[in-house]
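Engineer: Dropping in coords-v6.txt, with compact mmCIF, C-alpha atoms and all ligand atoms.
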```txt
# COMPACT_ATOMS: atom_id res chain seq x y z
CA MET A 1 0.00 0.00 0.00
CA LYS A 2 1.19 3.53 -0.78
CA LYS A 3 2.22 5.65 2.19
CA GLN A 4 -0.91 7.14 3.75
CA ASN A 5 -1.55 10.18 5.91
CA ILE A 6 -3.47 8.60 8.76
CA LEU A 7 -5.26 10.38 11.58
CA ILE A 8 -5.74 8.36 14.75
CA THR A 9 -8.05 9.68 17.45
CA GLY A 10 -7.51 8.43 20.99
CA GLY A 11 -3.93 7.59 20.04
CA PHE A 12 -2.80 7.50 23.68
CA GLY A 13 -5.42 4.92 24.63
CA LEU A 14 -5.05 1.18 25.22
CA LEU A 15 -5.63 0.36 21.56
CA GLY A 16 -4.30 3.65 20.15
CA LYS A 17 -0.69 3.23 21.28
CA PRO A 18 0.08 -0.20 19.75
CA LEU A 19 -1.92 0.65 16.62
CA THR A 20 0.06 3.89 16.17
CA LEU A 21 3.35 2.01 16.50
CA LYS A 22 2.35 -0.67 13.98
CA LEU A 23 1.27 1.96 11.44
CA ILE A 24 4.50 3.94 11.94
CA ASN A 25 6.45 0.70 11.33
CA LEU A 26 4.50 0.28 8.09
CA LYS A 27 5.93 3.72 7.10
CA HIS A 28 2.67 5.63 7.13
CA ASN A 29 2.54 9.26 8.31
CA ILE A 30 0.66 9.20 11.59
CA PHE A 31 -1.20 12.16 13.05
CA ILE A 32 -2.65 11.71 16.52
CA LEU A 33 -5.59 13.75 17.77
CA GLU A 34 -5.83 13.37 21.54
CA LYS A 35 -7.52 15.14 24.39
CA LYS A 36 -5.05 13.82 26.96
CA LYS A 37 -1.83 15.74 27.58
CA ASN A 38 1.24 14.03 26.12
CA SER A 39 2.80 13.42 29.50
CA LYS A 40 6.10 11.77 28.55
CA ARG A 41 6.19 10.08 31.94
CA LEU A 42 3.08 8.07 31.24
CA ILE A 43 2.45 8.02 27.52
CA PHE A 44 5.71 6.63 26.28
CA LEU A 45 5.76 6.03 22.53
CA PRO A 46 9.10 4.54 21.39
CA LYS A 47 8.54 5.89 17.87
CA LYS A 48 7.35 9.36 17.08
CA PRO A 49 4.22 10.05 15.05
CA LYS A 50 4.53 12.80 12.45
CA MET A 51 2.37 15.06 14.57
CA ILE A 52 0.52 14.98 17.89
CA ILE A 53 -2.37 17.41 18.06
CA GLN A 54 -3.77 18.04 21.48
CA GLY A 55 -7.42 18.81 20.90
CA ASP A 56 -11.02 17.73 21.10
CA PHE A 57 -12.85 16.14 18.16
CA THR A 58 -16.17 17.55 19.34
CA ASN A 59 -14.80 20.72 17.69
CA LYS A 60 -15.98 20.23 14.08
CA LYS A 61 -13.87 23.10 12.72
CA LEU A 62 -10.73 21.64 14.26
CA VAL A 63 -11.46 18.27 12.64
CA GLU A 64 -12.00 20.02 9.30
CA SER A 65 -8.72 21.91 9.49
CA ILE A 66 -6.70 18.83 10.51
CA ILE A 67 -8.08 16.79 7.60
CA LYS A 68 -7.50 19.58 5.07
CA LYS A 69 -4.11 20.81 6.28
CA ASN A 70 -2.55 17.37 6.51
CA LYS A 71 -4.22 15.86 3.43
CA ILE A 72 -5.51 12.96 5.52
CA ASN A 73 -6.33 9.78 3.52
CA ALA A 74 -7.56 7.60 6.36
CA ILE A 75 -8.95 8.01 9.87
CA PHE A 76 -8.99 5.46 12.67
CA HIS A 77 -11.58 6.83 15.07
CA LEU A 78 -10.78 5.22 18.41
CA GLY A 79 -11.29 8.18 20.74
CA ALA A 80 -14.38 8.05 22.91
CA ILE A 81 -15.67 8.17 26.45
CA THR A 82 -14.95 4.52 27.10
CA GLN A 83 -15.66 4.04 30.79
CA VAL A 84 -19.09 2.57 31.38
CA LEU A 85 -19.27 4.11 34.88
CA ASP A 86 -18.39 7.60 33.57
CA SER A 87 -21.05 7.31 30.92
CA LEU A 88 -23.69 6.28 33.49
CA LYS A 89 -22.90 9.49 35.39
CA LYS A 90 -22.64 11.65 32.25
CA PRO A 91 -25.01 10.45 29.53
CA TYR A 92 -25.20 13.85 27.80
CA GLU A 93 -21.42 14.17 27.53
CA THR A 94 -21.17 10.54 26.41
CA HIS A 95 -23.50 11.11 23.49
CA SER A 96 -21.92 14.48 22.64
CA VAL A 97 -18.44 12.95 22.47
CA ASN A 98 -19.20 9.48 21.15
CA VAL A 99 -22.05 10.22 18.76
CA MET A 100 -21.57 13.87 17.73
CA GLY A 101 -17.79 13.40 17.72
CA THR A 102 -18.18 10.58 15.21
CA ILE A 103 -20.56 12.64 13.06
CA ASN A 104 -17.95 15.43 12.97
CA PHE A 105 -15.60 13.10 11.08
CA LEU A 106 -18.24 11.59 8.80
CA GLU A 107 -19.66 14.97 7.84
CA ASN A 108 -16.22 16.47 7.18
CA ILE A 109 -15.26 13.47 5.04
CA ARG A 110 -18.52 13.84 3.09
CA LEU A 111 -17.79 17.50 2.40
CA ILE A 112 -14.01 17.38 1.89
CA ASN A 113 -13.22 14.10 0.12
CA LYS A 114 -15.43 11.01 0.11
CA LYS A 115 -12.43 8.82 -0.70
CA ILE A 116 -11.01 9.16 2.83
CA THR A 117 -11.27 5.78 4.57
CA PHE A 118 -12.98 5.84 7.96
CA ILE A 119 -12.44 3.03 10.47
CA TYR A 120 -14.74 3.12 13.46
CA SER A 121 -14.30 1.38 16.85
CA SER A 122 -17.69 -0.01 17.71
CA SER A 123 -18.29 -2.55 20.45
CA ASP A 124 -20.11 -5.72 21.44
CA LYS A 125 -22.09 -3.40 23.74
CA ALA A 126 -23.75 -1.93 20.63
CA TYR A 127 -25.81 -5.14 20.29
CA GLY A 128 -27.49 -4.92 23.71
CA GLU A 129 -28.69 -8.01 25.60
CA LEU A 130 -28.19 -11.40 23.98
CA ASN A 131 -31.50 -12.64 25.38
CA LYS A 132 -32.20 -16.04 23.82
CA ARG A 133 -29.35 -15.90 21.27
CA LYS A 134 -26.10 -17.71 21.95
CA GLU A 135 -23.81 -15.09 20.40
CA TYR A 136 -23.94 -11.90 18.35
CA LYS A 137 -23.50 -11.98 14.59
CA GLU A 138 -22.80 -8.96 12.43
CA ASP A 139 -26.30 -8.80 10.94
CA ASP A 140 -28.02 -8.82 14.36
CA THR A 141 -29.95 -5.69 15.29
CA LEU A 142 -28.07 -3.06 17.26
CA ASP A 143 -30.06 -2.57 20.43
CA GLY A 144 -27.94 -0.90 23.13
CA ILE A 145 -29.51 -0.10 26.50
CA TYR A 146 -27.17 1.94 28.74
CA PRO A 147 -25.61 5.27 27.66
CA TYR A 148 -22.20 3.96 26.52
CA ASP A 149 -23.86 1.05 24.72
CA VAL A 150 -26.39 3.26 22.94
CA SER A 151 -23.67 5.74 21.97
CA LYS A 152 -21.95 2.83 20.19
CA SER A 153 -25.17 1.48 18.58
CA ALA A 154 -26.07 4.97 17.34
CA SER A 155 -22.60 5.84 16.01
CA ASP A 156 -22.27 2.44 14.35
CA LEU A 157 -25.60 2.95 12.54
CA ILE A 158 -24.68 6.51 11.58
CA CYS A 159 -21.37 5.28 10.10
CA GLN A 160 -23.33 2.69 8.08
CA SER A 161 -25.78 5.33 6.95
CA TYR A 162 -23.03 7.69 5.67
CA SER A 163 -21.42 4.82 3.82
CA LYS A 164 -24.64 3.55 2.22
CA THR A 165 -25.98 7.01 1.37
CA TYR A 166 -22.84 8.78 0.20
CA GLY A 167 -20.68 5.86 -0.98
CA MET A 168 -18.02 6.52 1.68
CA LYS A 169 -15.45 3.85 2.59
CA VAL A 170 -16.25 2.79 6.13
CA GLY A 171 -14.92 -0.10 8.21
CA ILE A 172 -16.46 -0.99 11.56
CA ILE A 173 -15.02 -3.27 14.22
CA ARG A 174 -17.26 -4.48 17.03
CA CYS A 175 -14.87 -5.72 19.65
CA GLY A 176 -15.17 -7.67 22.88
CA ASN A 177 -13.32 -6.61 26.06
CA ILE A 178 -9.77 -5.60 25.14
CA TYR A 179 -6.98 -6.03 27.67
CA GLY A 180 -3.20 -5.70 27.60
CA PRO A 181 -0.22 -3.60 28.64
CA GLY A 182 -0.48 0.17 28.80
CA ASP A 183 -4.13 0.65 29.72
CA LEU A 184 -4.26 3.83 31.78
CA ASN A 185 -7.94 3.38 32.60
CA LEU A 186 -6.98 2.11 36.02
CA GLY A 187 -10.62 1.55 37.02
CA ARG A 188 -11.08 -1.14 34.35
CA LEU A 189 -11.39 -4.66 35.70
CA ILE A 190 -8.03 -6.13 34.73
CA PRO A 191 -5.78 -3.12 35.59
CA GLU A 192 -7.63 -2.56 38.87
CA VAL A 193 -7.36 -6.19 40.02
CA ILE A 194 -3.66 -6.33 39.15
CA LEU A 195 -2.84 -3.04 40.86
CA SER A 196 -4.82 -3.83 44.02
CA THR A 197 -3.14 -7.25 44.19
CA ILE A 198 0.32 -5.68 43.85
CA ALA A 199 -0.66 -3.35 46.71
CA LYS A 200 -1.81 -6.45 48.66
CA LYS A 201 -5.37 -5.16 48.89
CA LYS A 202 -8.50 -7.22 48.39
CA PHE A 203 -10.30 -6.33 45.18
CA ILE A 204 -13.91 -5.21 45.51
CA ILE A 205 -16.13 -6.45 42.69
CA ARG A 206 -18.77 -3.79 42.05
CA SER A 207 -21.25 -6.14 40.36
CA ASN A 208 -22.39 -9.61 41.39
CA GLY A 209 -19.33 -10.94 39.57
CA ARG A 210 -21.33 -13.12 37.21
CA ALA A 211 -21.41 -10.91 34.08
CA ARG A 212 -19.65 -12.77 31.25
CA ARG A 213 -17.60 -11.12 28.52
CA ASP A 214 -15.19 -12.11 25.76
CA TYR A 215 -11.59 -11.07 26.44
CA VAL A 216 -9.22 -10.34 23.56
CA PHE A 217 -5.57 -9.30 23.73
CA VAL A 218 -4.80 -5.81 22.42
CA GLU A 219 -2.12 -6.91 19.90
CA ASP A 220 -4.63 -9.29 18.28
CA VAL A 221 -7.11 -6.44 17.99
CA VAL A 222 -4.46 -4.26 16.31
CA ASP A 223 -3.93 -7.02 13.72
CA ALA A 224 -7.65 -7.11 13.01
CA TYR A 225 -7.70 -3.31 12.44
CA LEU A 226 -4.76 -3.56 10.02
CA LYS A 227 -6.34 -6.42 8.09
CA LEU A 228 -9.61 -4.50 7.80
CA PHE A 229 -7.75 -1.37 6.69
CA ASN A 230 -5.89 -3.25 3.92
CA LYS A 231 -9.08 -4.91 2.78
CA ILE A 232 -11.15 -1.76 2.65
CA LYS A 233 -8.40 0.13 0.79
CA SER A 234 -8.16 -2.53 -1.91
CA SER A 235 -11.82 -3.54 -2.17
CA LYS A 236 -14.60 -2.07 -4.28
CA ASP A 237 -17.04 -2.55 -1.39
CA HIS A 238 -17.70 0.56 0.62
CA LEU A 239 -18.80 -0.91 3.93
CA LYS A 240 -17.20 -3.70 5.96
CA ILE A 241 -18.33 -4.71 9.45
CA TYR A 242 -16.65 -7.31 11.62
CA ASN A 243 -16.88 -8.74 15.11
CA VAL A 244 -13.47 -9.16 16.72
CA SER A 245 -13.07 -11.35 19.75
CA SER A 246 -11.75 -14.62 21.17
CA LYS A 247 -12.95 -17.91 22.61
CA PHE A 248 -12.08 -16.65 26.12
CA ASN A 249 -15.51 -15.94 27.54
CA TYR A 250 -15.35 -15.52 31.32
CA SER A 251 -17.27 -14.08 34.23
CA VAL A 252 -15.79 -11.20 36.23
CA LEU A 253 -15.19 -13.58 39.14
CA GLN A 254 -13.33 -16.04 36.91
CA VAL A 255 -11.06 -13.28 35.55
CA VAL A 256 -10.33 -11.99 39.07
CA ASN A 257 -9.48 -15.51 40.29
CA MET A 258 -7.28 -16.18 37.24
CA ILE A 259 -5.25 -13.03 38.00
CA LEU A 260 -5.00 -13.80 41.72
CA LYS A 261 -3.72 -17.27 40.87
CA LYS A 262 -1.18 -15.94 38.37
CA MET A 263 0.05 -13.46 40.97
CA ASN A 264 0.25 -16.14 43.69
CA SER A 265 -2.28 -14.18 45.73
CA VAL A 266 -5.32 -16.45 46.03
CA LYS A 267 -5.43 -15.57 49.73
CA LEU A 268 -6.54 -12.05 48.75
CA LYS A 269 -10.04 -13.37 48.03
CA SER A 270 -12.11 -10.64 46.37
CA ILE A 271 -15.21 -9.06 47.92
CA VAL A 272 -18.45 -9.07 45.92
CA SER A 273 -20.23 -5.79 46.74
CA ASN A 274 -23.04 -6.14 44.17
CA THR A 275 -23.63 -2.37 44.14
CA SER A 276 -23.54 -1.82 40.39
CA LYS A 277 -26.45 -3.39 38.54
CA GLN A 278 -26.54 -1.44 35.29
CA GLU A 279 -24.71 -3.77 32.97
CA LEU A 280 -25.41 -6.54 30.49
CA ASN A 281 -25.41 -10.07 31.91
CA PHE A 282 -23.88 -12.00 29.10
CA GLN A 283 -22.00 -11.10 25.94
CA ARG A 284 -20.43 -13.34 23.37
CA LEU A 285 -19.34 -12.49 19.84
CA ASN A 286 -19.20 -14.78 16.85
CA TYR A 287 -16.06 -13.80 14.89
CA SER A 288 -16.21 -16.35 12.08
CA LYS A 289 -16.90 -13.64 9.43
CA ILE A 290 -13.53 -11.88 9.87
CA ASN A 291 -11.85 -15.28 9.95
CA ARG A 292 -13.50 -16.26 6.68
CA ASP A 293 -13.05 -12.92 4.85
CA LEU A 294 -9.70 -11.67 6.15
CA GLY A 295 -8.08 -14.76 7.65
CA TRP A 296 -7.94 -13.11 11.08
CA LYS A 297 -8.10 -15.02 14.31
CA PRO A 298 -6.86 -14.18 17.81
CA LYS A 299 -3.41 -15.64 18.46
CA THR A 300 -2.88 -14.91 22.13
CA ASP A 301 -3.85 -17.41 24.80
CA MET A 302 -5.43 -15.57 27.74
CA GLN A 303 -2.89 -17.01 30.21
CA ILE A 304 -0.04 -15.54 28.13
CA GLY A 305 -1.89 -12.26 27.56
CA LEU A 306 -2.46 -11.90 31.30
CA GLU A 307 1.19 -12.62 32.06
CA LYS A 308 2.29 -9.86 29.67
CA THR A 309 -0.24 -7.49 31.18
CA ILE A 310 0.72 -8.27 34.79
CA SER A 311 4.44 -7.73 34.02
CA TRP A 312 3.66 -4.35 32.53
CA TYR A 313 1.67 -3.24 35.59
CA ILE A 314 4.39 -4.43 37.98
CA LYS A 315 6.82 -2.08 36.20
CA PHE A 316 4.18 0.65 36.06
CA TYR A 317 3.50 0.37 39.82
CA LYS A 318 7.21 0.72 40.60
CA PHE A 319 7.41 3.67 38.27
CA LEU A 320 4.47 5.40 40.02
CA LYS A 321 5.99 4.74 43.44
CA ASN A 322 9.41 6.08 42.45
CA ASN A 323 7.92 9.18 40.85
CA LYS A 324 5.63 10.17 43.70
CA LYS A 325 6.38 13.69 44.78
N1 LIG A 401 -11.19 -1.35 25.61
C1 LIG A 401 -12.20 -2.14 25.31
O1 LIG A 401 -12.46 -3.16 25.97
C2 LIG A 401 -13.07 -1.83 24.11
C3 LIG A 401 -13.99 -2.80 23.65
C4 LIG A 401 -14.80 -2.51 22.54
C5 LIG A 401 -14.67 -1.28 21.90
N2 LIG A 401 -13.78 -0.35 22.37
C6 LIG A 401 -13.68 0.94 21.67
O2 LIG A 401 -12.37 1.03 21.11
C7 LIG A 401 -11.92 2.39 21.17
C8 LIG A 401 -10.58 2.44 21.87
O3 LIG A 401 -10.72 1.90 23.18
P1 LIG A 401 -9.57 2.06 24.27
O4 LIG A 401 -9.83 1.06 25.31
O5 LIG A 401 -8.25 2.12 23.60
O6 LIG A 401 -9.94 3.49 24.87
P2 LIG A 401 -9.13 4.40 25.90
O7 LIG A 401 -10.08 4.87 26.92
O8 LIG A 401 -7.90 3.70 26.36
O9 LIG A 401 -8.68 5.61 24.98
C9 LIG A 401 -9.60 6.52 24.45
C10 LIG A 401 -8.84 7.80 24.18
O10 LIG A 401 -9.74 8.72 23.56
C11 LIG A 401 -9.36 10.01 23.99
N3 LIG A 401 -10.51 10.93 23.83
C12 LIG A 401 -11.70 10.83 24.47
N4 LIG A 401 -12.50 11.86 24.11
C13 LIG A 401 -11.78 12.61 23.23
C14 LIG A 401 -12.08 13.80 22.52
N5 LIG A 401 -13.27 14.43 22.64
N6 LIG A 401 -11.13 14.31 21.69
C15 LIG A 401 -9.92 13.70 21.57
N7 LIG A 401 -9.59 12.56 22.22
C16 LIG A 401 -10.52 12.03 23.05
C17 LIG A 401 -8.98 9.84 25.46
O11 LIG A 401 -8.12 10.88 25.89
C18 LIG A 401 -8.33 8.47 25.45
O12 LIG A 401 -6.91 8.56 25.39
C19 LIG A 401 -13.02 3.17 21.88
O13 LIG A 401 -13.82 3.81 20.91
C20 LIG A 401 -13.81 2.11 22.62
O14 LIG A 401 -15.14 2.52 22.80
C21 LIG A 401 -12.96 -0.62 23.44
```
Give the structure from this file in C-alpha cells form.

Structural biologist:
Amino acid sequence: MKKQNILITGGFGLLGKPLTLKLINLKHNIFILEKKKNSKRLIFLPKKPKMIIQGDFTNKKLVESIIKKNKINAIFHLGAITQVLDSLKKPYETHSVNVMGTINFLENIRLINKKITFIYSSSDKAYGELNKRKEYKEDDTLDGIYPYDVSKSASDLICQSYSKTYGMKVGIIRCGNIYGPGDLNLGRLIPEVILSTIAKKKFIIRSNGRARRDYVFVEDVVDAYLKLFNKIKSSKDHLKIYNVSSKFNYSVLQVVNMILKKMNSVKLKSIVSNTSKQELNFQRLNYSKINRDLGWKPKTDMQIGLEKTISWYIKFYKFLKNNKK
C-alpha cells in the first residue's frame, strides 16, 4: 500500500498506542488527535508520530482543518468516552463525544473528500442483551440499552448510513473486552485487580461478579484493524463490518481468580459488593466472518496475555511509586 496520511483519534489509549506504533512501522505518516496531555512520563511512545495534536474532536472546525491541512487519507476513530461508569454518570457528555464526535468526522469526510477511509471502533455493547441468542452476529440488530452502549449502537448505525448514502469507505469493528499492557484506565477490571493485588489489597467487585464477557488481547485487535484497513483500501465494497473477539468468555469472578492465581495471591479473596447493577449479563461475539473474509483469528492465549499485562503493571507500579512527589 502507498504511504498514507493517517489520523488516529484516541492515540494514547489502550488500543491507540500499539496501533500507532504498527502503522509507523509500516511507514505511514501518523497524526494523533488526543484530548489527553502528552505526558512523557506516562504516555511513552518509542517511535514518534509525524504530529501529535492536542485537541477535542467535538470541535468540528478543528477536525476540518486537521483533515484539510494534513491531506488525511484515512482516519482510525478510536477516541471516545470509554468508561461505562463515567457514561452512566454523564449520559449527555457521552452522546456528545461518542455520537456527535463521530458525526464530525463523517460529515467532514462527506464535504471534503469522500475517498477518505474511515475506520470506526464499535463494540459488542452496541448489540445490547443477547436474550435467547447464543452469540452476536454482524447482521443482528443493534439494540444498546445503557448510555455507553447506545452511543456505540447509534454511532455504528450513523457510520453505516453515511457509507450507504454517500458511498463513503467505512470499516467498523465491534470488539469484545480488550486487555493488555499500557491501559491507563486504572478503574477497568483487569488493571484494577492487578494493581490492588500488587498493593496487597483485596479487590472489591462492584457487580455480582457473574457478568460474562469475551476477552481479547490488544495486539490481536491491532492485527484485526490492520487487516480491515488493507481490505477496505483494496476492495470495491464501501462498507465492511466485523466482530473481533476470542474464545475466552469468562465471568468477572473467573477473571479476578485467574489473575490472583497468576500473581500467587489467592489468599486475597475478592469481595463481591453487588452495588452496580446497570450492565449486560452475558456477551459473546461470533467472529467467524472476519476469519472467513480476512483470515484473522486471535493468536494470544489468555494465560499468556495476562502474564504480559501483569508484568507491565508491575513495572508501572514501581514507576508510580518512584515518581511520587
Ligand atoms: N477497551 C475495550 O475493551 C473496548 C472494547 C470494545 C470497543 N472499544 C472501543 O475502542 C476504542 C478504543 O478503546 P480504548 O480502550 O483504547 O480506549 P481508551 O479509553 O484507552 O482511549 C480513548 C482515548 O480517547 C481520547 N478521547 C476521548 N474523548 C476525546 C475527545 N473528545 N477528543 C480527543 N480525544 C478524546 C482519550 O483521551 C483516550 O486517550 C473506543 O472507541 C472504545 O469505545 C474498546

Engineer: Identify which of the residues A:Leu226, A:Leu42, A:Val63, A:Val221 lies closest to Asn243 of chain A, counting all atoms listed in the file when measuring atom-to-atom distances.

Structural biologist: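 Smallest separation from Asn243 of chain A among the options: A:Val221.
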
Engineer: Return as JSON, numbers by chain every polymer residue, whether protein, DNA or RNA, with at least one atom no more than 9 Å from an atom of ligand LIG 401 (chain A); count only C-alpha atoms and all ligand atoms.

Structural biologist: {"A": [9, 10, 11, 12, 13, 14, 15, 16, 17, 33, 34, 35, 36, 37, 54, 55, 56, 57, 58, 59, 77, 78, 79, 80, 81, 82, 83, 96, 97, 98, 101, 120, 121, 122, 123, 124, 125, 148, 152, 173, 174, 175, 176, 177, 178, 179, 182, 183, 184, 185, 188, 215, 216, 218, 244]}

Engineer: Restricting it to C-alpha atoms, dump the selection as a PDB file, keeping the file's coordinate frame.

Structural biologist:
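Contents of again_15.pdb, as written:
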```
ATOM      1  CA  THR A   9      -8.050   9.680  17.450  1.00  0.00           C
ATOM      2  CA  GLY A  10      -7.510   8.430  20.990  1.00  0.00           C
ATOM      3  CA  GLY A  11      -3.930   7.590  20.040  1.00  0.00           C
ATOM      4  CA  PHE A  12      -2.800   7.500  23.680  1.00  0.00           C
ATOM      5  CA  GLY A  13      -5.420   4.920  24.630  1.00  0.00           C
ATOM      6  CA  LEU A  14      -5.050   1.180  25.220  1.00  0.00           C
ATOM      7  CA  LEU A  15      -5.630   0.360  21.560  1.00  0.00           C
ATOM      8  CA  GLY A  16      -4.300   3.650  20.150  1.00  0.00           C
ATOM      9  CA  LYS A  17      -0.690   3.230  21.280  1.00  0.00           C
ATOM     10  CA  LEU A  33      -5.590  13.750  17.770  1.00  0.00           C
ATOM     11  CA  GLU A  34      -5.830  13.370  21.540  1.00  0.00           C
ATOM     12  CA  LYS A  35      -7.520  15.140  24.390  1.00  0.00           C
ATOM     13  CA  LYS A  36      -5.050  13.820  26.960  1.00  0.00           C
ATOM     14  CA  LYS A  37      -1.830  15.740  27.580  1.00  0.00           C
ATOM     15  CA  GLN A  54      -3.770  18.040  21.480  1.00  0.00           C
ATOM     16  CA  GLY A  55      -7.420  18.810  20.900  1.00  0.00           C
ATOM     17  CA  ASP A  56     -11.020  17.730  21.100  1.00  0.00           C
ATOM     18  CA  PHE A  57     -12.850  16.140  18.160  1.00  0.00           C
ATOM     19  CA  THR A  58     -16.170  17.550  19.340  1.00  0.00           C
ATOM     20  CA  ASN A  59     -14.800  20.720  17.690  1.00  0.00           C
ATOM     21  CA  HIS A  77     -11.580   6.830  15.070  1.00  0.00           C
ATOM     22  CA  LEU A  78     -10.780   5.220  18.410  1.00  0.00           C
ATOM     23  CA  GLY A  79     -11.290   8.180  20.740  1.00  0.00           C
ATOM     24  CA  ALA A  80     -14.380   8.050  22.910  1.00  0.00           C
ATOM     25  CA  ILE A  81     -15.670   8.170  26.450  1.00  0.00           C
ATOM     26  CA  THR A  82     -14.950   4.520  27.100  1.00  0.00           C
ATOM     27  CA  GLN A  83     -15.660   4.040  30.790  1.00  0.00           C
ATOM     28  CA  SER A  96     -21.920  14.480  22.640  1.00  0.00           C
ATOM     29  CA  VAL A  97     -18.440  12.950  22.470  1.00  0.00           C
ATOM     30  CA  ASN A  98     -19.200   9.480  21.150  1.00  0.00           C
ATOM     31  CA  GLY A 101     -17.790  13.400  17.720  1.00  0.00           C
ATOM     32  CA  TYR A 120     -14.740   3.120  13.460  1.00  0.00           C
ATOM     33  CA  SER A 121     -14.300   1.380  16.850  1.00  0.00           C
ATOM     34  CA  SER A 122     -17.690  -0.010  17.710  1.00  0.00           C
ATOM     35  CA  SER A 123     -18.290  -2.550  20.450  1.00  0.00           C
ATOM     36  CA  ASP A 124     -20.110  -5.720  21.440  1.00  0.00           C
ATOM     37  CA  LYS A 125     -22.090  -3.400  23.740  1.00  0.00           C
ATOM     38  CA  TYR A 148     -22.200   3.960  26.520  1.00  0.00           C
ATOM     39  CA  LYS A 152     -21.950   2.830  20.190  1.00  0.00           C
ATOM     40  CA  ILE A 173     -15.020  -3.270  14.220  1.00  0.00           C
ATOM     41  CA  ARG A 174     -17.260  -4.480  17.030  1.00  0.00           C
ATOM     42  CA  CYS A 175     -14.870  -5.720  19.650  1.00  0.00           C
ATOM     43  CA  GLY A 176     -15.170  -7.670  22.880  1.00  0.00           C
ATOM     44  CA  ASN A 177     -13.320  -6.610  26.060  1.00  0.00           C
ATOM     45  CA  ILE A 178      -9.770  -5.600  25.140  1.00  0.00           C
ATOM     46  CA  TYR A 179      -6.980  -6.030  27.670  1.00  0.00           C
ATOM     47  CA  GLY A 182      -0.480   0.170  28.800  1.00  0.00           C
ATOM     48  CA  ASP A 183      -4.130   0.650  29.720  1.00  0.00           C
ATOM     49  CA  LEU A 184      -4.260   3.830  31.780  1.00  0.00           C
ATOM     50  CA  ASN A 185      -7.940   3.380  32.600  1.00  0.00           C
ATOM     51  CA  ARG A 188     -11.080  -1.140  34.350  1.00  0.00           C
ATOM     52  CA  TYR A 215     -11.590 -11.070  26.440  1.00  0.00           C
ATOM     53  CA  VAL A 216      -9.220 -10.340  23.560  1.00  0.00           C
ATOM     54  CA  VAL A 218      -4.800  -5.810  22.420  1.00  0.00           C
ATOM     55  CA  VAL A 244     -13.470  -9.160  16.720  1.00  0.00           C
TER      56      VAL A 244
END
```

Engineer: Restricting the calculation to all atoms listed in the file, which member of A:Asp301, A:Glu192, A:Asp293, A:Asp237 is positioned closest to Ile259 of chain A?

Structural biologist: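 Checking each of A:Asp301, A:Glu192, A:Asp293, A:Asp237 against Ile259 of chain A, counting all atoms listed in the file, the winner is A:Glu192.
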
Engineer: Just the number, please: distance in Å from atom CA of Lys40 of chain A to atom CA of Asn322 of chain A, one decimal.

Structural biologist: 15.4 Å

Engineer: Mind giving me the straight-line distance from atom CA of Glu129 of chain A to atom CA of Ser251 of chain A in Å, one decimal?

Structural biologist: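 Going from atom CA of Glu129 of chain A over to atom CA of Ser251 of chain A, I get 15.5 Å.
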
Engineer: Please provide the set of residues having any atom within 12 Å of segment 266-276 of chain A, restricted to only C-alpha atoms, with same-chain residues fewer than 5 positions apart removed, written as a ChimeraX atom specification.

Structural biologist: /A:84-85,88,192-194,196-211,252-261,281

Engineer: Got a sec: who's within 12 Å of Gly295 of chain A, counting only C-alpha atoms, leaving out chain neighbours fewer than 2 positions off, as a PyMOL selection string?

Structural biologist: chain A and resi 223-224+226-228+231+244+287-293+297-299

Engineer: I'd like the interatomic distance between atom CA of Thr102 of chain A and atom CA of Ile158 of chain A, to a tenth of an Å.

Structural biologist: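 Atom CA of Ile158 of chain A lies 8.5 Å from atom CA of Thr102 of chain A.
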
Engineer: Considering all atoms listed in the file, return as a VMD selection string whatever protein or nucleic-acid residues lie within 9 Å of Gln160 of chain A, sequence-local ones (same chain, fewer than 2 positions apart) excluded.

Structural biologist: chain A and resid 155 to 158 162 to 165 170 to 172 239

Engineer: From the set A:Ile103, A:Val150, A:Ile314, A:Leu294, which residue has the shortest atom-to-atom contact distance to Phe229 of chain A, counting all atoms listed in the file?

Structural biologist: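 With all atoms listed in the file as the atom set, the closest residue is A:Leu294.
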
Engineer: Between A:Lys308, A:Lys169, A:Lys114, A:Arg133, which residue has the minimum interatomic distance to Lys233 of chain A, considering all atoms listed in the file?

Structural biologist: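 The shortest atom-to-atom distance to Lys233 of chain A comes from A:Lys169.
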